[in-house]
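The structure under discussion appears below in the form of C-alpha cells.
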There are 2 protein chains.
Amino acid sequence: MGPAMPQAAALADRPAAGRYALDALLADIAGIEATTELVDRKRRSRDYFWYSPILQEQLKDKLADVVVTPGDEAEVLRIAAACARHRIPLTVRGGATGNYGQCVPLEGGVVLDMARLNRIKWQRPGAVRVEAGAKLFDIDAATRPSGFELRMHPSTKRASQIGGFVAGGSGGVGSVSFGGMREPGNIVAARIVTLERAPRVIELRGDAAQKISRAYGTTGIITELEMPLAPAQSWIDVIVAFDDFIECVRFGHAIAMADGIVKKLLSAAQWPLPQHFAAYRSFCPDGKSLLSAMIGDMSMESFATLLASTGGTITYKAPSEDVLSKTPLYEHTWNHTTLQVLKSDRGVTYLQCLYPHDRLVEAVAQVGAKFGDEVHQHLEFIRLNGTMTASGIPVVRYRSPERLYEIIAGYEACGVMIANPHVVTLEDGSRYKRVDADQLGFKHEVDPMGLLNPGKMRSFAPQAV
Amino acid sequence: MGPAMPQAAALADRPAAGRYALDALLADIAGIEATTELVDRKRRSRDYFWYSPILQEQLKDKLADVVVTPGDEAEVLRIAAACARHRIPLTVRGGATGNYGQCVPLEGGVVLDMARLNRIKWQRPGAVRVEAGAKLFDIDAATRPSGFELRMHPSTKRASQIGGFVAGGSGGVGSVSFGGMREPGNIVAARIVTLERAPRVIELRGDAAQKISRAYGTTGIITELEMPLAPAQSWIDVIVAFDDFIECVRFGHAIAMADGIVKKLLSAAQWPLPQHFAAYRSFCPDGKSLLSAMIGDMSMESFATLLASTGGTITYKAPSEDVLSKTPLYEHTWNHTTLQVLKSDRGVTYLQCLYPHDRLVEAVAQVGAKFGDEVHQHLEFIRLNGTMTASGIPVVRYRSPERLYEIIAGYEACGVMIANPHVVTLEDGSRYKRVDADQLGFKHEVDPMGLLNPGKMRSFAPQAV
C-alpha cells in the first residue's frame with residue numbers, strides 16, 4: 001500500500017533459543033503454522049512506526065523469535081497455553097498498519113499473525129460478527145449486498161484487519177458521524193483468549209468490550225468481534241479547493257455542523273500537502289488548500305449550496321468506488337497524508353492533535369502562525385463525546401527529538417491536546433497520559449504474567465509468579 | 001386521532017357573498033371540487049389551536065367562505081389565478097394537525113384542501129419527490145420497501161401531510177439525529193405556485209427551499225416537495241422508568257450524546273404526565289418519570305449497558321410497529337403529550353421551549369423548582385445547528401393569559417427560550433420574534449397582494465395594488 005519499508009540498518013539477529021524455550025514451545029504447538037525463518041520474522045516484526053524517526057531508532061531492531069499463524073481459535077488456545085507454560089511473550093499482529101509499533105514484539109517471543117482467522121461468522125441488519133483477522137475491506141464487501149457497511153475505518157482500510165483496528169486504532173473515516181471506537185455502542189462485543197496455563201475464552205459485551213479497545217493486544221487475544229454497522233450509503237468523493245486554509249477549515253466546520261448533510265469524511269489539508277497527492281494531483285490546483293470529503297449522494301446539492309457562499313471550487317466529484325485496484329480519496333486523509341508526503345520527502349514526521357471544539361478555527365490559525373512552514377496542518381472533523389470537533393495530524397519537518405517536543409509544547413500552549421505518536425507505551429501515547437483503570441485491572445485477570453505485548457502497558461506490574 | 005374538537009360556542013355564520021366575489025370565483029373554478037356547505041367550512045377552518053385557551057377565543061369563529069380541493073397542480077393554478085383576479089384570500093390546509101391556527105383562514109375566503117394532491121412522483125435511494133398533500137405515513141410506507149424512511153416526522157405522523165409539516169412544523173421524531181427541518185439538507189426542493197393573476201410555478205432548490213419552511217403557506221402554495229430520506233432502521237420502542245425526573249433527563253442526555261447509539265426519539269416526561277398515557281398506562285408505574293425512546297435494534301445492548309449505571313428500569317420494549325391501527329409510542333411525545341393530558345383534563349395548556357445546550361439539566365431543574373405542580377415538564381432531545389440540546393413542551397395548568405405570560409417570563413429568566421404557541425403570527429411565535437428576511441422578501445415576489453394566509457405574516461405589507 002505504501003512504499004517499501006526502509007530496512008533497518010542492522011537487525012539484531014539473535015539466536016532464537018537464547019532467551020526463550022523456543023523448541024519446547026514449538027513442540028507444544030506442533031501442527032500449527034509457524035516460521036522461524038529470519039526473513040519472515042523481520043518482515044512480520046514491524047509496522048509503520050518508521051513514520052517516526054524516534055521510533056525508527058527504538059524499534060528497528062526488535063525481532064520476533066517465531067511467527068505463528070493459527071487457523072482457528074482452538075489453535076490460538078494451544079498457542080496461548082504454550083506461551084504461558086514457557087513464559088514466552090506473545091504479540092498479536094493484524095494488518096500491521098499501525099504507526100507506533102503496536103504490534104512490534106519489544107521482547108521478542110511469539111508474533112501471532114491473525115491473517116487466517118478471517119471468517120465472517122454471521123451478519124444481521126445492523127451488526128456483523130467476524131473473526132479478528134478479517135480485513136475491513138472484506139467485511140464491507142460482505143455486508144454491502146445486505147445494505148450495510150462498517151461505521152468507520154482507518155485510512156488503511158485496504159490493508160487493515162478489524163482486530164488491529166479495534167486494538168490499535170481509535171476511529172477514522174466515519175467518525176465525523178459516529179465518533180470514535182470508544183463511543184458507547186461502537187463495539188458490540190469482543191471474544192478474547194486469556195494468556196494463562198489454562199487459557200479461557202471470554203465474551204465481553206457492551207461496555208465491557210471497551211477493555212480491549214486501543215489496548216494494543218495487552219488485555220487478551222481478540223479472536224472475534226461483533227461490530228455495529230451503518231446503513232450503506234451512496235457516497236460521493238469530493239475535493240474542494242480554497243485559496244486560504246482557514247477558509248477551507250471554516251467551510252469544513254460548517255458542513256460538519258450541518259446535521260442534515262450526510263457525510264463520512266471531512267478532511268482539510270493545507271497547501272503544500274496536496275502537492276504529494278499523486279493519484280489525485282490533477283485535481284489539486286497549485287497553491288490551494290483542499291477539503292476532501294465523502295458526502296451522501298442525496299446531500300450533494302445542499303453541500304453545493306453551502307459552498308456557493310464561500311470562495312471554494314469543486315475540482316473533483318465522483319462516486320466513491322470501493323475497489324482494491326484504485327487509490328481511494330480517503331488514502332489522502334488521516335495518517336495517510338503523512339505517507340503521501342513521505343513517499344517523496346523522507347524529512348518529515350507527524351503529530352496527532354485534538355483541537356478544542358469551541359475555538360477550533362482559532363486554534364488552527366494560532367498554531368499555523370506559530371510554526372509557519374515547519375508544520376503543515378490537516379485535520380479531520382470528528383464527533384467526540386457527542387460534540388463536533390476535529391483531530392489533526394500535522395506533517396512536521398523533522399529536525400531533532402528536542403525540536404519535536406518543543407513543537408508539541410507549542411501546540412499544547414494553544415489549547416490543542418497532543419497524543420504523542422513517538423512513544424510506544426499506551427500511557428505515553430494517551431492524551432490523558434494514563435491507562436484506563438479498567439484495562440489495567442482487567443489485564444491482571446487475563447494476562448497475570450504480563451506476557452501479552454510486554455512493554456506496551458507501562459503501568460502494569462505482574463502479580464502472578 | 002385525538003378527541004373530538006370542542007365546538008366553538010357560536011361560529012360567525014356570515015353569508016359568504018358578503019365580503020368576496022364568491023360567485024365569480026366559483027364560476028372561474030368550475031369543475032374543481034369545492035364546497036360552501038357550512039358543516040364542511042366549519043370543519044375545515046380549524047386545526048388543533050384549541051390546545052391554547054387564548055387561541056381558542058381568538059380563532060373559534062374564523063370561517064372559510066369556500067373549501068376547494070384541487071386534484072392536481074393545474075387546478076391549483078386555476079384557483080390561484082381566480083383568487084388573484086377577485087382578491088380573495090387563500091389559506092392552504094394540509095392535515096390540519098398544527099396548534100397555532102396555521103391553516104385557519106383569519107380573513108375567510110378560500111381554504112385550499114391539499115388532500116387529493118397526494119401522489120408520490122418518484123423515489124430514489126435517499127430521496128423522494130411527493131405532492132404536498134401526501135401523508136407522512138403513506139410516504140414512509142412507500143419508501144420502506146426500498147430501505148428508506150423520512151428523516152423526521154411530527155408526533156402526528158398518522159394524520160399529517162408532508163406539505164403541512166414543512167410549512168407549519170419545525171422538526172420532530174428524528175430530529176435527535178438530523179436536527180430540524182431548517183438544517184441545511186433537510187429539504188431538497190420545493191415546487192410552489194404563486195398567487196398572481198398569471199400564477200407561476202417556481203422550483204426552489206437547496207437553500208432556496210427554506211423560503212417555504214415554517215412560513216404557514218404565506219410564501220407560495222407548495223405543490224411538491226423533494227425530501228431527503230434516511231436509511232430505514234429496525235427501531236425498538238423503549239420506555240424507561242425513573243424515580244426522579246432529573247435522573248431521567250440526565251440519562252436521556254447521556255444517550256443523546258452517545259454518537260454510537262442510533263436513535264430516532266428521546267423524550268423525557270415528568271410524572272404525573274405518564275398517568276395520561278392511556279394506551280401504555282400499564283408500562284407507566286405510578287410516580288415514575290419516563291424516558292420514551294426509539295433506539296436502533298443494534299444499539300439496544302449498549303443502551304442497556306449505559307442504563308445499568310442508573311436507577312432506571314425498562315418497563316416496555318418492543319419493535320416499533322408502523323401500523324395505522326395501533327397507537328405508537330411517539331404519540332406520547334412532542335405535543336401529543338399535551339393531547340394525552342387534554343383528553344381527561346381540559347384545564348391545561350402548553351408552552352414550547354428550547355433549553356440551553358450547555359446547562360440543560362440545570363435549566364430543567366431550575367424551572368421545575370420555580371413552578372412546582374403548575375407546570376409538568378417533558379422534553380425532546382434534538383440537534384440544533386450541530387449541537388445536541390433539547391426542546392420542551394411543558395404542560396401548564398391554565399389560569400389566565402396574564403399568569404401564562406408570567407410563566408413564560410419565568411422560563412426566559414432561567415435561560416430557556418420560548419416560542420410562544422399562543423399567538424397566530426409567524427413573528428410572535430418565532431423564538432427570535434421576526435420573520436426571516438428572505439421569506440419576507442420572497443413573499444413580495446410570490447404573493448404581491450398579500451392574499452396567502454393573510455394575517456399570519458405581520459411584518460408583510462403588500463406593495464402591489
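If you're wondering about the labels, chains in the C-alpha cells are A, B, ... by order shown, residues count from 1 in each chain, ligands from 1 in order shown.
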Hey, could you make a per-residue contact list for chain A against chain B with 8 Å as the cut-off, showing the nearest pair of atoms and its distance in Å to one decimal, counting only C-alpha atoms, sorted by chain and number, as JSON lines?
{"residue": "A:Pro125", "atom": "CA", "partner": "B:Met298", "partner_atom": "CA", "distance": 7.9}
{"residue": "A:Gly126", "atom": "CA", "partner": "B:Met298", "partner_atom": "CA", "distance": 5.5}
{"residue": "A:Ala127", "atom": "CA", "partner": "B:Met298", "partner_atom": "CA", "distance": 6.3}
{"residue": "A:Ser177", "atom": "CA", "partner": "B:Asp259", "partner_atom": "CA", "distance": 7.2}
{"residue": "A:Phe178", "atom": "CA", "partner": "B:Asp259", "partner_atom": "CA", "distance": 5.0}
{"residue": "A:Gly179", "atom": "CA", "partner": "B:Asp259", "partner_atom": "CA", "distance": 5.9}
{"residue": "A:Glu183", "atom": "CA", "partner": "B:Gly260", "partner_atom": "CA", "distance": 5.6}
{"residue": "A:Pro184", "atom": "CA", "partner": "B:Gly260", "partner_atom": "CA", "distance": 5.6}
{"residue": "A:Gly185", "atom": "CA", "partner": "B:Gly260", "partner_atom": "CA", "distance": 4.5}
{"residue": "A:Asn186", "atom": "CA", "partner": "B:Gly260", "partner_atom": "CA", "distance": 5.0}
{"residue": "A:Val188", "atom": "CA", "partner": "B:Ser302", "partner_atom": "CA", "distance": 7.2}
{"residue": "A:Gly206", "atom": "CA", "partner": "B:Ser302", "partner_atom": "CA", "distance": 5.2}
{"residue": "A:Asp207", "atom": "CA", "partner": "B:Thr305", "partner_atom": "CA", "distance": 6.3}
{"residue": "A:Pro228", "atom": "CA", "partner": "B:Met298", "partner_atom": "CA", "distance": 6.3}
{"residue": "A:Pro231", "atom": "CA", "partner": "B:Pro231", "partner_atom": "CA", "distance": 6.1}
{"residue": "A:Ala256", "atom": "CA", "partner": "B:Gly386", "partner_atom": "CA", "distance": 7.5}
{"residue": "A:Met257", "atom": "CA", "partner": "B:Gly386", "partner_atom": "CA", "distance": 4.1}
{"residue": "A:Ala258", "atom": "CA", "partner": "B:Gly386", "partner_atom": "CA", "distance": 5.7}
{"residue": "A:Asp259", "atom": "CA", "partner": "B:Phe178", "partner_atom": "CA", "distance": 5.0}
{"residue": "A:Gly260", "atom": "CA", "partner": "B:Gly185", "partner_atom": "CA", "distance": 4.5}
{"residue": "A:Ile261", "atom": "CA", "partner": "B:Gly185", "partner_atom": "CA", "distance": 5.2}
{"residue": "A:Asp297", "atom": "CA", "partner": "B:Gly126", "partner_atom": "CA", "distance": 7.5}
{"residue": "A:Met298", "atom": "CA", "partner": "B:Gly126", "partner_atom": "CA", "distance": 5.6}
{"residue": "A:Ser299", "atom": "CA", "partner": "B:Gly185", "partner_atom": "CA", "distance": 6.0}
{"residue": "A:Glu301", "atom": "CA", "partner": "B:Gly206", "partner_atom": "CA", "distance": 6.2}
{"residue": "A:Ser302", "atom": "CA", "partner": "B:Gly185", "partner_atom": "CA", "distance": 5.1}
{"residue": "A:Phe303", "atom": "CA", "partner": "B:Gly185", "partner_atom": "CA", "distance": 7.7}
{"residue": "A:Thr305", "atom": "CA", "partner": "B:Gly206", "partner_atom": "CA", "distance": 6.0}
{"residue": "A:Leu306", "atom": "CA", "partner": "B:Asp207", "partner_atom": "CA", "distance": 7.8}
{"residue": "A:Arg383", "atom": "CA", "partner": "B:Asp259", "partner_atom": "CA", "distance": 7.4}
{"residue": "A:Asn385", "atom": "CA", "partner": "B:Met257", "partner_atom": "CA", "distance": 6.2}
{"residue": "A:Gly386", "atom": "CA", "partner": "B:Met257", "partner_atom": "CA", "distance": 4.1}
{"residue": "A:Thr387", "atom": "CA", "partner": "B:Thr387", "partner_atom": "CA", "distance": 6.8}
{"residue": "A:Met388", "atom": "CA", "partner": "B:Gly386", "partner_atom": "CA", "distance": 7.4}
Could you dump the residues just selected with C-alpha atoms as a compact mmCIF listing (two decimals), in the first residue's frame?
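And here's selection-v6.txt as it stands now:
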# COMPACT_ATOMS: atom_id res chain seq x y z
CA PRO A 125 -29.26 -5.98 9.82
CA GLY A 126 -27.03 -3.52 11.66
CA ALA A 127 -24.42 -5.91 13.03
CA SER A 177 -20.84 10.91 12.20
CA PHE A 178 -20.36 8.10 14.71
CA GLY A 179 -17.48 9.36 16.84
CA GLU A 183 -18.02 5.88 21.99
CA PRO A 184 -20.61 3.63 23.62
CA GLY A 185 -22.21 1.43 21.01
CA ASN A 186 -19.36 1.36 18.52
CA VAL A 188 -20.94 -4.55 20.42
CA GLY A 206 -21.44 -3.88 25.70
CA ASP A 207 -19.27 -1.53 27.69
CA PRO A 228 -22.37 -2.44 14.67
CA PRO A 231 -26.66 1.60 6.53
CA ALA A 256 -19.58 19.19 9.95
CA MET A 257 -22.19 21.09 11.95
CA ALA A 258 -24.96 20.65 9.36
CA ASP A 259 -26.76 17.57 10.66
CA GLY A 260 -28.95 17.44 7.58
CA ILE A 261 -25.90 16.82 5.38
CA ASP A 297 -25.45 11.38 -2.66
CA MET A 298 -28.74 12.95 -1.56
CA SER A 299 -26.85 15.71 0.31
CA GLU A 301 -27.00 19.60 -3.65
CA SER A 302 -27.12 21.08 -0.15
CA PHE A 303 -23.34 20.75 0.10
CA THR A 305 -25.48 25.35 -1.81
CA LEU A 306 -23.41 25.97 1.31
CA ARG A 383 -17.52 13.71 16.88
CA ASN A 385 -18.42 12.62 23.37
CA GLY A 386 -21.37 14.00 21.44
CA THR A 387 -19.67 17.20 20.30
CA MET A 388 -18.26 18.03 16.89
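Excluding range 362-372 of chain B itself and any same-chain residue fewer than 5 positions from it, the protein and nucleic acid residues within 7 Å of it, counting only C-alpha atoms, are B:Ile246, B:Tyr355, B:Tyr411, B:Cys414.
Once range 322-327 of chain A and its same-chain neighbours fewer than 3 positions away are set aside, Arg158, Ala279 and Glu331 of chain A remain within 7 Å of it when counting only C-alpha atoms.
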For Ala134 in chain A, find every residue with an atom within 7 Å (counting only C-alpha atoms), except residues of its own chain fewer than 6 positions away, and show them as a PyMOL selection string.
chain A and resi 117-119+161-162
Take the selection from the previous step and output its residues with N, CA, C and O atoms, as a PDB file, in the first residue's frame.
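The result, written out as part_26.pdb:
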ATOM      1  N   LEU A 117      -7.442 -16.085  10.674  1.00  0.00           N
ATOM      2  CA  LEU A 117      -8.734 -16.008  11.379  1.00  0.00           C
ATOM      3  C   LEU A 117      -9.554 -14.891  10.750  1.00  0.00           C
ATOM      4  O   LEU A 117      -9.709 -13.811  11.323  1.00  0.00           O
ATOM      5  N   ASN A 118     -10.041 -15.157   9.573  1.00  0.00           N
ATOM      6  CA  ASN A 118     -10.647 -14.070   8.797  1.00  0.00           C
ATOM      7  C   ASN A 118     -12.072 -14.370   8.360  1.00  0.00           C
ATOM      8  O   ASN A 118     -12.556 -13.813   7.387  1.00  0.00           O
ATOM      9  N   ARG A 119     -12.738 -15.235   9.120  1.00  0.00           N
ATOM     10  CA  ARG A 119     -14.095 -15.614   8.711  1.00  0.00           C
ATOM     11  C   ARG A 119     -15.132 -14.583   9.170  1.00  0.00           C
ATOM     12  O   ARG A 119     -14.976 -13.958  10.204  1.00  0.00           O
ATOM     13  N   GLN A 161      -6.919  -5.076   9.357  1.00  0.00           N
ATOM     14  CA  GLN A 161      -7.831  -6.087   9.877  1.00  0.00           C
ATOM     15  C   GLN A 161      -8.644  -5.469  11.019  1.00  0.00           C
ATOM     16  O   GLN A 161      -8.183  -4.567  11.718  1.00  0.00           O
ATOM     17  N   ILE A 162      -9.830  -6.014  11.210  1.00  0.00           N
ATOM     18  CA  ILE A 162     -10.737  -5.439  12.200  1.00  0.00           C
ATOM     19  C   ILE A 162     -10.153  -5.527  13.617  1.00  0.00           C
ATOM     20  O   ILE A 162     -10.270  -4.587  14.408  1.00  0.00           O
TER      21      ILE A 162
END
Expected answer as number ranges by chain: strand (DSSP E or B) residues in range 251-409 of chain A:
A: 263-269, 289-296, 313-319, 348-350, 353-354, 375-376, 378-384, 387-392, 395-397
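Atom pair CA of Val68 in chain B / CA of Pro105 in chain B has a distance of 12.9 Å (rounded to one decimal).
Using only C-alpha atoms, the nearest neighbour of Pro401 in chain B within the list B:Val435, B:Leu90, B:Val423, B:Cys83 is B:Val423.
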